[in-house]
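Structure file upload-v1.cif; described as mmCIF, C-alpha atoms and all ligand atoms.
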```
data_run
#
loop_
_atom_site.label_atom_id
_atom_site.label_comp_id
_atom_site.auth_asym_id
_atom_site.auth_seq_id
_atom_site.Cartn_x
_atom_site.Cartn_y
_atom_site.Cartn_z
CA VAL A 1 131.79 73.41 101.14
CA PHE A 2 130.33 75.87 103.61
CA ALA A 3 133.64 77.51 104.49
CA ALA A 4 132.61 80.89 103.07
CA LEU A 5 129.27 80.92 104.84
CA ALA A 6 128.51 84.11 106.73
CA GLN A 7 127.36 83.97 110.34
CA ALA A 8 123.62 84.66 110.45
CA PRO A 9 122.32 87.21 112.92
CA GLU A 10 120.29 86.06 115.93
CA ASP A 11 116.51 86.40 115.75
CA PRO A 12 115.44 89.85 117.01
CA ILE A 13 113.10 88.30 119.63
CA LEU A 14 114.42 84.81 120.42
CA GLY A 15 118.00 86.13 120.22
CA VAL A 16 117.26 88.29 123.28
CA THR A 17 116.91 85.09 125.32
CA VAL A 18 120.21 83.78 123.89
CA ALA A 19 121.97 86.95 125.10
CA TYR A 20 120.16 86.83 128.45
CA ASN A 21 121.24 83.24 129.05
CA LYS A 22 124.90 84.21 128.53
CA ASP A 23 124.74 87.04 131.11
CA PRO A 24 126.07 85.90 134.53
CA SER A 25 124.55 88.88 136.41
CA PRO A 26 122.29 87.86 139.35
CA VAL A 27 120.00 90.85 138.74
CA LYS A 28 119.33 90.15 135.06
CA VAL A 29 115.70 90.22 133.86
CA ASN A 30 114.39 88.82 130.58
CA LEU A 31 111.53 90.93 129.21
CA GLY A 32 112.16 89.92 125.61
CA VAL A 33 110.17 86.91 124.51
CA GLY A 34 106.41 86.92 125.13
CA ALA A 35 106.26 84.00 127.53
CA TYR A 36 104.42 83.99 130.83
CA ARG A 37 106.39 83.82 134.07
CA THR A 38 105.16 83.44 137.65
CA GLU A 39 105.82 85.98 140.41
CA GLU A 40 108.94 83.92 141.09
CA GLY A 41 110.06 84.40 137.49
CA LYS A 42 109.46 80.73 136.59
CA PRO A 43 107.69 79.28 133.52
CA LEU A 44 104.17 78.09 134.39
CA VAL A 45 102.55 74.79 133.46
CA LEU A 46 98.82 75.25 134.05
CA ASN A 47 97.28 72.89 136.55
CA VAL A 48 94.60 71.93 134.04
CA VAL A 49 97.32 71.02 131.53
CA ARG A 50 98.99 68.75 134.09
CA ARG A 51 95.61 67.11 134.73
CA ALA A 52 95.03 66.60 131.01
CA GLU A 53 98.48 65.05 130.65
CA GLN A 54 97.72 62.70 133.52
CA ILE A 55 94.50 61.60 131.83
CA LEU A 56 96.37 60.96 128.60
CA LEU A 57 99.10 59.05 130.43
CA ASN A 58 96.57 56.84 132.24
CA ASN A 59 94.81 55.87 129.04
CA PRO A 60 96.25 52.44 128.07
CA SER A 61 94.63 52.49 124.63
CA ARG A 62 96.57 55.60 123.65
CA VAL A 63 98.98 54.96 120.78
CA LYS A 64 101.61 56.99 119.00
CA GLU A 65 100.33 56.56 115.44
CA TYR A 66 100.67 59.30 112.85
CA LEU A 67 97.88 61.84 112.88
CA PRO A 68 96.19 62.56 109.55
CA ILE A 69 97.81 65.34 107.50
CA THR A 70 95.13 67.71 108.81
CA GLY A 71 95.76 66.75 112.45
CA LEU A 72 93.48 65.61 115.25
CA ALA A 73 89.90 65.95 113.99
CA GLU A 74 88.35 66.64 117.39
CA PHE A 75 91.00 69.28 118.16
CA ASN A 76 90.18 71.01 114.87
CA LYS A 77 86.44 71.08 115.58
CA LEU A 78 86.90 72.34 119.14
CA SER A 79 89.42 74.97 118.04
CA ALA A 80 87.03 76.39 115.44
CA LYS A 81 84.28 76.47 118.08
CA LEU A 82 86.56 78.25 120.54
CA ILE A 83 87.48 81.00 118.15
CA PHE A 84 84.27 81.48 116.14
CA GLY A 85 81.75 80.60 118.89
CA ALA A 86 79.63 77.46 119.30
CA ASP A 87 76.70 79.15 117.54
CA SER A 88 78.75 80.43 114.61
CA PRO A 89 76.75 80.26 111.36
CA ALA A 90 79.91 79.35 109.43
CA ILE A 91 80.41 76.25 111.62
CA HIS A 92 76.74 75.22 111.37
CA GLU A 93 76.87 75.55 107.61
CA ASN A 94 80.10 73.49 107.46
CA ARG A 95 81.88 76.37 105.73
CA VAL A 96 85.03 76.18 107.88
CA ALA A 97 88.09 74.14 106.89
CA THR A 98 90.36 73.71 109.94
CA VAL A 99 93.77 72.05 109.99
CA GLN A 100 96.02 71.53 113.00
CA CYS A 101 99.32 73.37 112.51
CA LEU A 102 102.57 74.08 114.34
CA SER A 103 101.30 76.84 116.61
CA GLY A 104 100.68 80.37 115.32
CA THR A 105 103.75 80.55 113.07
CA GLY A 106 102.95 77.25 111.35
CA SER A 107 99.34 78.30 110.82
CA LEU A 108 100.42 81.58 109.27
CA ARG A 109 102.92 79.82 107.03
CA VAL A 110 100.46 77.17 105.79
CA GLY A 111 97.85 79.88 105.22
CA GLY A 112 100.40 82.05 103.41
CA GLU A 113 101.51 79.23 101.10
CA PHE A 114 97.90 78.29 100.38
CA LEU A 115 97.12 81.89 99.40
CA ALA A 116 100.26 82.16 97.24
CA ARG A 117 99.13 79.07 95.31
CA HIS A 118 95.39 79.59 95.08
CA TYR A 119 94.38 83.21 95.67
CA HIS A 120 94.26 85.75 92.87
CA GLU A 121 95.97 88.56 94.88
CA ARG A 122 99.53 87.98 96.09
CA THR A 123 99.95 91.06 98.27
CA ILE A 124 99.47 90.99 102.02
CA TYR A 125 99.33 94.19 104.04
CA ILE A 126 100.65 93.91 107.59
CA PRO A 127 100.36 96.52 110.35
CA GLN A 128 103.25 98.90 110.96
CA PRO A 129 104.67 97.76 113.36
CA THR A 130 103.87 94.08 113.72
CA TRP A 131 105.38 90.89 115.14
CA GLY A 132 108.88 90.66 113.65
CA ASN A 133 108.30 87.21 112.17
CA HIS A 134 105.24 88.21 110.08
CA PRO A 135 107.10 89.75 107.12
CA LYS A 136 109.51 86.82 106.95
CA VAL A 137 106.78 84.18 107.12
CA PHE A 138 104.73 85.75 104.36
CA THR A 139 107.66 86.62 102.09
CA LEU A 140 108.88 83.03 102.25
CA SER A 141 105.31 81.85 101.63
CA GLY A 142 105.53 83.54 98.25
CA LEU A 143 103.48 86.66 99.01
CA THR A 144 104.47 90.29 98.54
CA VAL A 145 104.46 92.09 101.86
CA LYS A 146 103.38 95.72 102.23
CA SER A 147 102.35 97.58 105.34
CA TYR A 148 99.51 99.76 106.56
CA ARG A 149 99.76 102.45 109.23
CA TYR A 150 98.69 101.22 112.65
CA TYR A 151 100.54 102.87 115.53
CA ASP A 152 100.96 106.56 116.21
CA PRO A 153 104.13 107.17 118.28
CA ALA A 154 102.88 110.67 119.19
CA THR A 155 99.79 109.36 121.02
CA ARG A 156 101.19 105.86 121.68
CA GLY A 157 97.79 104.75 120.42
CA LEU A 158 96.10 103.66 117.20
CA ASP A 159 96.63 105.69 114.02
CA PHE A 160 93.07 104.99 112.98
CA LYS A 161 92.95 107.65 110.27
CA GLY A 162 96.19 106.34 108.73
CA LEU A 163 94.92 102.77 108.93
CA LEU A 164 91.68 103.59 107.10
CA GLU A 165 93.53 105.61 104.46
CA ASP A 166 95.98 102.80 103.78
CA LEU A 167 93.32 100.10 103.61
CA SER A 168 91.26 102.35 101.31
CA SER A 169 94.13 102.66 98.90
CA ALA A 170 95.07 98.95 98.94
CA PRO A 171 94.08 97.28 95.64
CA SER A 172 90.75 95.47 95.83
CA GLY A 173 91.17 91.84 96.91
CA SER A 174 94.43 92.39 98.82
CA ILE A 175 95.06 90.25 101.89
CA ILE A 176 95.07 92.18 105.19
CA LEU A 177 96.74 90.76 108.28
CA LEU A 178 94.84 91.67 111.45
CA HIS A 179 95.78 90.89 115.05
CA ALA A 180 92.58 89.52 116.60
CA CYS A 181 93.41 91.09 119.98
CA ALA A 182 96.33 92.27 122.11
CA HIS A 183 98.34 93.59 119.16
CA ASN A 184 101.98 92.54 119.25
CA PRO A 185 104.16 94.57 119.86
CA THR A 186 102.09 97.68 120.64
CA GLY A 187 99.34 96.43 123.00
CA VAL A 188 97.01 98.79 121.12
CA ASP A 189 93.73 97.41 119.71
CA PRO A 190 90.93 99.13 117.77
CA THR A 191 87.71 99.69 119.73
CA ILE A 192 84.63 97.70 118.71
CA ASP A 193 83.33 100.75 116.80
CA GLU A 194 86.64 101.04 114.98
CA TRP A 195 86.60 97.32 114.17
CA GLU A 196 83.15 97.79 112.68
CA GLN A 197 84.45 100.57 110.43
CA ILE A 198 87.42 98.43 109.43
CA ARG A 199 85.10 95.53 108.65
CA LYS A 200 82.78 97.64 106.51
CA LEU A 201 85.66 99.15 104.58
CA MET A 202 87.34 95.78 104.02
CA ARG A 203 84.17 94.06 102.89
CA SER A 204 83.26 96.94 100.56
CA LYS A 205 86.67 96.58 98.87
CA SER A 206 86.74 92.76 99.00
CA LEU A 207 89.91 92.86 101.09
CA LEU A 208 90.58 89.38 102.50
CA PRO A 209 91.10 89.26 106.31
CA PHE A 210 93.84 87.01 107.65
CA PHE A 211 93.55 87.07 111.44
CA ASP A 212 96.39 86.15 113.76
CA SER A 213 95.04 85.14 117.19
CA ALA A 214 97.95 84.46 119.53
CA TYR A 215 96.51 86.00 122.71
CA GLN A 216 92.87 84.92 123.01
CA GLY A 217 92.04 85.44 126.71
CA PHE A 218 95.04 87.67 127.41
CA ALA A 219 93.54 91.02 126.39
CA SER A 220 90.39 91.10 128.53
CA GLY A 221 90.76 87.85 130.45
CA SER A 222 87.67 86.55 128.58
CA LEU A 223 88.00 84.10 125.71
CA ASP A 224 84.76 85.26 124.09
CA LYS A 225 85.42 88.98 124.40
CA ASP A 226 88.85 88.60 122.84
CA THR A 227 87.39 87.20 119.63
CA GLN A 228 84.74 89.87 119.11
CA SER A 229 86.66 91.34 116.19
CA VAL A 230 86.85 87.96 114.45
CA ARG A 231 83.23 87.08 115.09
CA MET A 232 82.09 90.38 113.54
CA PHE A 233 83.81 89.35 110.32
CA VAL A 234 82.28 85.86 110.44
CA ALA A 235 78.80 87.18 111.21
CA ASP A 236 78.67 89.09 107.94
CA GLY A 237 78.92 85.83 106.01
CA GLY A 238 82.21 86.72 104.35
CA GLU A 239 85.41 84.71 103.98
CA LEU A 240 88.54 84.91 106.10
CA LEU A 241 91.62 83.07 107.33
CA MET A 242 92.40 82.51 111.00
CA ALA A 243 95.72 81.46 112.55
CA GLN A 244 95.22 80.32 116.11
CA SER A 245 97.84 79.55 118.76
CA TYR A 246 97.65 77.84 122.15
CA ALA A 247 101.21 78.83 123.10
CA LYS A 248 100.29 81.67 125.43
CA ASN A 249 96.73 81.05 126.53
CA MET A 250 97.31 77.40 127.49
CA GLY A 251 101.03 77.85 128.13
CA LEU A 252 101.81 75.18 125.51
CA TYR A 253 104.73 77.10 123.97
CA GLY A 254 107.03 74.18 123.24
CA GLU A 255 104.25 71.80 122.20
CA ARG A 256 103.73 73.87 119.04
CA VAL A 257 99.98 73.54 118.92
CA GLY A 258 97.71 75.72 116.82
CA ALA A 259 95.20 75.69 113.99
CA LEU A 260 94.53 77.33 110.66
CA SER A 261 90.86 77.83 109.83
CA ILE A 262 89.61 79.08 106.51
CA VAL A 263 86.03 80.32 106.52
CA CYS A 264 84.73 79.66 103.01
CA GLY A 265 81.70 80.68 100.95
CA SER A 266 80.10 77.22 101.03
CA ALA A 267 80.52 73.72 102.49
CA ASP A 268 81.55 72.43 99.11
CA VAL A 269 84.36 74.98 98.80
CA ALA A 270 85.53 74.17 102.35
CA VAL A 271 86.01 70.51 101.36
CA ARG A 272 88.14 71.49 98.37
CA VAL A 273 90.11 74.03 100.41
CA GLU A 274 90.95 71.34 102.95
CA SER A 275 92.11 69.02 100.20
CA GLN A 276 94.51 71.70 98.93
CA LEU A 277 95.77 72.49 102.43
CA LYS A 278 96.84 68.86 102.66
CA LEU A 279 99.01 69.36 99.58
CA VAL A 280 100.70 72.31 101.29
CA ILE A 281 101.29 70.44 104.56
CA ARG A 282 102.42 66.98 103.39
CA PRO A 283 105.72 68.03 101.78
CA MET A 284 106.42 70.53 104.58
CA TYR A 285 106.17 68.33 107.70
CA SER A 286 103.87 65.44 106.75
CA ASN A 287 101.49 65.71 109.69
CA PRO A 288 101.44 67.58 113.00
CA PRO A 289 102.44 66.30 116.46
CA LEU A 290 99.94 64.46 118.64
CA HIS A 291 100.64 65.37 122.25
CA GLY A 292 99.80 69.09 122.43
CA ALA A 293 96.62 68.72 120.38
CA SER A 294 95.51 65.86 122.66
CA ILE A 295 96.00 68.09 125.72
CA VAL A 296 93.92 70.85 124.14
CA ALA A 297 91.15 68.47 123.07
CA THR A 298 91.03 66.90 126.56
CA ILE A 299 90.52 70.34 128.13
CA LEU A 300 88.11 71.78 125.57
CA ARG A 301 85.80 68.77 125.48
CA ASN A 302 85.28 68.68 129.26
CA SER A 303 83.26 71.60 130.69
CA GLU A 304 84.74 71.31 134.17
CA MET A 305 88.31 71.37 132.82
CA PHE A 306 87.39 74.15 130.42
CA ASN A 307 86.21 76.25 133.38
CA GLU A 308 89.39 75.55 135.29
CA TRP A 309 91.36 76.69 132.25
CA THR A 310 89.43 79.98 132.01
CA LEU A 311 90.17 80.69 135.70
CA GLU A 312 93.87 79.99 135.29
CA LEU A 313 93.96 82.11 132.15
CA LYS A 314 92.23 84.98 133.93
CA ALA A 315 94.76 84.73 136.76
CA MET A 316 97.63 85.11 134.25
CA ALA A 317 95.90 88.09 132.59
CA ASP A 318 95.23 89.70 136.00
CA ARG A 319 98.84 89.32 137.11
CA ILE A 320 99.95 91.12 133.96
CA ILE A 321 97.48 93.95 134.60
CA SER A 322 98.80 94.28 138.15
CA MET A 323 102.37 94.50 136.76
CA ARG A 324 101.25 97.37 134.53
CA GLN A 325 99.92 99.28 137.53
CA GLN A 326 103.01 98.54 139.61
CA LEU A 327 105.40 99.71 136.89
CA PHE A 328 103.35 102.84 136.25
CA ASP A 329 103.29 103.66 139.99
CA ALA A 330 107.02 103.01 140.32
CA LEU A 331 107.85 105.45 137.49
CA LYS A 332 105.49 108.03 138.94
CA SER A 333 107.03 107.77 142.38
CA ARG A 334 110.48 108.30 140.84
CA GLY A 335 109.23 111.35 138.96
CA THR A 336 110.48 109.82 135.71
CA PRO A 337 110.02 112.44 132.97
CA GLY A 338 107.33 111.66 130.39
CA ASP A 339 103.74 110.45 130.25
CA TRP A 340 103.70 106.75 131.13
CA SER A 341 99.91 106.30 131.11
CA HIS A 342 100.22 104.06 128.03
CA ILE A 343 101.65 101.37 130.33
CA ILE A 344 98.22 100.99 131.92
CA LYS A 345 96.23 101.74 128.75
CA GLN A 346 97.90 99.15 126.51
CA ILE A 347 96.64 95.58 126.78
CA GLY A 348 97.85 92.01 126.49
CA MET A 349 101.33 90.72 127.16
CA PHE A 350 103.36 93.68 125.96
CA THR A 351 104.02 97.33 126.66
CA PHE A 352 105.43 99.32 123.80
CA THR A 353 107.39 101.66 126.03
CA GLY A 354 108.50 104.27 123.49
CA LEU A 355 112.12 103.74 124.59
CA ASN A 356 114.53 103.93 121.64
CA SER A 357 117.19 101.40 120.70
CA GLU A 358 119.99 103.40 122.43
CA GLN A 359 118.00 103.47 125.66
CA VAL A 360 117.31 99.73 125.32
CA ALA A 361 121.05 99.08 124.83
CA PHE A 362 121.85 101.27 127.86
CA MET A 363 119.43 99.31 130.05
CA ARG A 364 120.96 96.03 128.94
CA GLN A 365 124.50 97.27 129.54
CA GLU A 366 123.96 98.98 132.87
CA TYR A 367 121.00 97.14 134.41
CA HIS A 368 121.02 93.71 132.71
CA ILE A 369 117.46 94.21 131.51
CA TYR A 370 116.77 92.39 128.27
CA MET A 371 114.07 93.53 125.83
CA THR A 372 113.64 93.83 122.08
CA SER A 373 115.36 96.81 120.48
CA ASP A 374 112.03 98.38 119.50
CA GLY A 375 111.36 99.13 123.19
CA ARG A 376 108.81 96.34 123.70
CA ILE A 377 108.72 94.73 127.12
CA SER A 378 106.94 91.53 128.00
CA MET A 379 104.91 92.45 131.10
CA ALA A 380 104.48 88.72 131.72
CA GLY A 381 108.19 88.50 132.56
CA LEU A 382 107.95 91.09 135.38
CA SER A 383 107.26 90.54 139.08
CA ALA A 384 106.86 92.68 142.19
CA ARG A 385 110.54 91.93 142.89
CA THR A 386 111.81 93.13 139.50
CA VAL A 387 109.54 96.17 138.95
CA PRO A 388 111.72 98.54 141.05
CA HIS A 389 114.84 97.46 139.15
CA LEU A 390 113.11 98.06 135.80
CA ALA A 391 111.76 101.42 136.96
CA ASP A 392 115.29 102.46 138.06
CA ALA A 393 116.62 101.39 134.67
CA ILE A 394 113.95 103.29 132.69
CA HIS A 395 114.44 106.34 134.87
CA ALA A 396 118.19 106.28 134.28
CA ALA A 397 117.72 105.65 130.54
CA VAL A 398 115.44 108.66 129.99
CA THR A 399 117.40 111.03 132.26
CA GLN A 400 120.98 110.12 131.25
C1 LIG B 501 106.89 87.09 120.92
O1 LIG B 501 106.49 87.96 120.15
O2 LIG B 501 107.73 87.31 121.82
C2 LIG B 501 106.34 85.71 120.82
O3 LIG B 501 105.35 85.66 119.86
C3 LIG B 501 107.37 84.65 120.70
C4 LIG B 501 108.00 84.57 119.35
O4 LIG B 501 108.06 83.46 118.81
O5 LIG B 501 108.46 85.58 118.82
#
```
Produce structure tokens that represent the structure in this file.
Ligand code: LMR
Amino acid sequence: VFAALAQAPEDPILGVTVAYNKDPSPVKVNLGVGAYRTEEGKPLVLNVVRRAEQILLNNPSRVKEYLPITGLAEFNKLSAKLIFGADSPAIHENRVATVQCLSGTGSLRVGGEFLARHYHERTIYIPQPTWGNHPKVFTLSGLTVKSYRYYDPATRGLDFKGLLEDLSSAPSGSIILLHACAHNPTGVDPTIDEWEQIRKLMRSKSLLPFFDSAYQGFASGSLDKDTQSVRMFVADGGELLMAQSYAKNMGLYGERVGALSIVCGSADVAVRVESQLKLVIRPMYSNPPLHGASIVATILRNSEMFNEWTLELKAMADRIISMRQQLFDALKSRGTPGDWSHIIKQIGMFTFTGLNSEQVAFMRQEYHIYMTSDGRISMAGLSARTVPHLADAIHAAVTQ
């Protein structure tokens, strides 16, 4: 019955890994997916995560029962505290409904479906460009997706004027997707002053913020600093949605662990919001998995393990920053035409190189370097060993 079915294309990001895995070249480098690698190019399981798993393993009373539809209650509480701050007024006033979801994507999808069912505006504005999965997630959630200007290719920085203009002309009440920090794919974030202007404009027009926080700790190396944007929006007493992922900052990619928090106008509303979120989740996947959330809760509840986590996180962030400097220096020493200062100015896991899709294809063909066709490279996939090879490839691509 499926004989006439067309072959679907590979995912623009995860498909890069599929192609990379098929390439027999010994010099191949995967800079596609945003996943941290060590200097040796290996995936990293944080030491603190291994310790947490050991604790869980050694606990004989641990069972494999279903979690509630909303997930592990302690994980939800600790996750809200991590993102909004322990002294957040919204938490103290019990105005936050948090549900454990399947990492960032699952949190966005549950939030999107909730909004499509219960919010009076069905249009979400996403930055141009944004993570490739955002438009698909929200369209399938039942929302209409439009975009606002974000990135200026001429400056390789923020198009702040365009952003303000587009948010100003969005109909009152529209949903606005914001990257909490380390914007994917551009690595370009608003300054705190710019965030304040965005906040004022959005609140004055009753635009509803939907934050995506996939890189808390990866922009500045500090968990608190990386949520400043979010906390400004919570401090004003207004409502918002927050999709939170532990894939990158705890290296729990395959455990699919994240949370959706909805900051509501009152404690009473938060209770009803949570009840409706359960109706979204139950027919989708019943309830979330136990293991990853237990790891996170074990680490967040213990101050000594929490501190170890922050040190390991900072080490990952610092290695990425050092890769930026090394790549910049390597291009400079080759005299590669162009201004490459954005490599050191952009933040987080990615550099938005400015290379076009033909140059990306050339680098794959001739140098076995794999990246997304929009010219994004995952700095976390680089090492001192592979920087010269990448610099040679970029040099050849821009001078061919
Ligand atoms: C990325 O942008 O590379 C990551 O968020 C991984 C993914 O699922 O796309």
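Of note, atom CA of A:Arg385 and atom CA of A:Val398 are spaced 21.7 Å apart.
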TODO: Grab me every residue within 8 Å of ligand LIG 501 (chain B), counting only C-alpha atoms and all ligand atoms, and send it over as a PyMOL selection string.
DONE: chain A and resi 13-14+32-35+105+131-133+184-185+214+378
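When only C-alpha atoms are used to compute distances to A:Pro68, the closest of the residues A:Lys332, A:His368, A:Arg282, A:Arg324 turns out to be A:Arg282.
Among the candidate residues A:Leu44, A:Met250, A:Val29, A:Ala97, the one lying nearest to A:Val271 is A:Ala97, with distances computed using all atoms listed in the file.
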Could you list, with a cut-off of 8 Å and counting all atoms listed in the file, the residues of stretch 142-198 of chain A near stretch 225-229 of chain A, each shown with its nearest atom pair and the distance in Å rounded to one decimal, rows sorted by chain and ascending number, as a Markdown table?
```
| residue | atom | partner | partner_atom | distance |
| --- | --- | --- | --- | --- |
| A:Ala180 | CA | A:Ser229 | CA | 6.2 |
| A:Cys181 | CA | A:Asp226 | CA | 5.9 |
| A:Ile192 | CA | A:Ser229 | CA | 7.1 |
| A:Trp195 | CA | A:Ser229 | CA | 6.3 |
```
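You can rank A:Met316, A:Leu5, A:Ala182, A:Ile394 by their closest distance to A:Met371 using all atoms listed in the file, and at the top of that list sits A:Ile394.
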TODO: Pick out the residues sitting within 9 Å of A:Asp236, and hand them over as an MDAnalysis selection string; count only C-alpha atoms, and ignore anything fewer than 4 positions along from it in its own chain.
DONE: chainID A and resid 203 231:232
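Residues lying within 12 Å of A:Glu194, counting only C-alpha atoms and ignoring same-chain neighbours fewer than 5 positions away, are Leu158, Asp159, Phe160, Lys161, Leu163, Leu164, Asp189, Arg199, Lys200, Leu201, Ser229 and Met232 of chain A.
Here atom CA of A:His118 and atom CA of A:Met284 stand 17.1 Å from one another.
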Contact check, stretch 37-145 of chain A to stretch 290-308 of chain A, at most 9 Å, counting only C-alpha atoms, closest pairs as JSON lines:
```
{"residue": "A:Asn47", "atom": "CA", "partner": "A:Glu308", "partner_atom": "CA", "distance": 8.4}
{"residue": "A:Val48", "atom": "CA", "partner": "A:Met305", "partner_atom": "CA", "distance": 6.4}
{"residue": "A:Val49", "atom": "CA", "partner": "A:Ile295", "partner_atom": "CA", "distance": 6.6}
{"residue": "A:Arg50", "atom": "CA", "partner": "A:Ile295", "partner_atom": "CA", "distance": 8.9}
{"residue": "A:Arg51", "atom": "CA", "partner": "A:Met305", "partner_atom": "CA", "distance": 8.7}
{"residue": "A:Ala52", "atom": "CA", "partner": "A:Ile295", "partner_atom": "CA", "distance": 5.6}
{"residue": "A:Glu53", "atom": "CA", "partner": "A:Ile295", "partner_atom": "CA", "distance": 6.3}
{"residue": "A:Ile55", "atom": "CA", "partner": "A:Thr298", "partner_atom": "CA", "distance": 8.2}
{"residue": "A:Leu56", "atom": "CA", "partner": "A:Ile295", "partner_atom": "CA", "distance": 7.7}
{"residue": "A:Lys64", "atom": "CA", "partner": "A:Leu290", "partner_atom": "CA", "distance": 7.7}
{"residue": "A:Glu65", "atom": "CA", "partner": "A:Leu290", "partner_atom": "CA", "distance": 8.5}
{"residue": "A:Tyr66", "atom": "CA", "partner": "A:Leu290", "partner_atom": "CA", "distance": 7.8}
{"residue": "A:Leu67", "atom": "CA", "partner": "A:Leu290", "partner_atom": "CA", "distance": 6.7}
{"residue": "A:Gly71", "atom": "CA", "partner": "A:Leu290", "partner_atom": "CA", "distance": 7.8}
{"residue": "A:Leu72", "atom": "CA", "partner": "A:Ala293", "partner_atom": "CA", "distance": 6.8}
{"residue": "A:Glu74", "atom": "CA", "partner": "A:Ala297", "partner_atom": "CA", "distance": 6.6}
{"residue": "A:Phe75", "atom": "CA", "partner": "A:Ala297", "partner_atom": "CA", "distance": 5.0}
{"residue": "A:Asn76", "atom": "CA", "partner": "A:Ala297", "partner_atom": "CA", "distance": 8.6}
{"residue": "A:Leu78", "atom": "CA", "partner": "A:Leu300", "partner_atom": "CA", "distance": 6.6}
{"residue": "A:Ser79", "atom": "CA", "partner": "A:Leu300", "partner_atom": "CA", "distance": 8.3}
{"residue": "A:Leu82", "atom": "CA", "partner": "A:Leu300", "partner_atom": "CA", "distance": 8.3}
{"residue": "A:Gln100", "atom": "CA", "partner": "A:Ala293", "partner_atom": "CA", "distance": 7.9}
```
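Here atom CA of A:Val280 stands at a distance of 7.0 Å from atom CA of A:Glu113.
Proximity of A:Ile262, A:Leu223, A:Ser333, A:Ser322 to A:Gly85, computed with only C-alpha atoms, is greatest for A:Leu223.
Here the question is which of A:Met379, A:Val16, A:Val1, A:Ala116 gets nearest to A:Val360 using only C-alpha atoms, and that residue is A:Val16.
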Task: Local residues around (107.9, 91.5, 137.1), at most 10 Å away, using only C-alpha atoms, as a PyMOL selection string - done: chain A and resi 29-31+37-41+319-320+322-324+326-327+378-390
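When all atoms listed in the file are used to compute distances to A:Asp268, the closest of the residues A:Lys77, A:Lys28, A:Arg95, A:Lys42 turns out to be A:Arg95.
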Return as JSON the centre and edge lengths, in Å with one decimal, of the box along x, y and z that encloses every atom of stretch 90-101 of chain A in the file, padded by 4 Å per side.
```
{"center_x": 88.0, "center_y": 75.4, "center_z": 109.4, "size_x": 30.6, "size_y": 15.8, "size_z": 15.3}
```
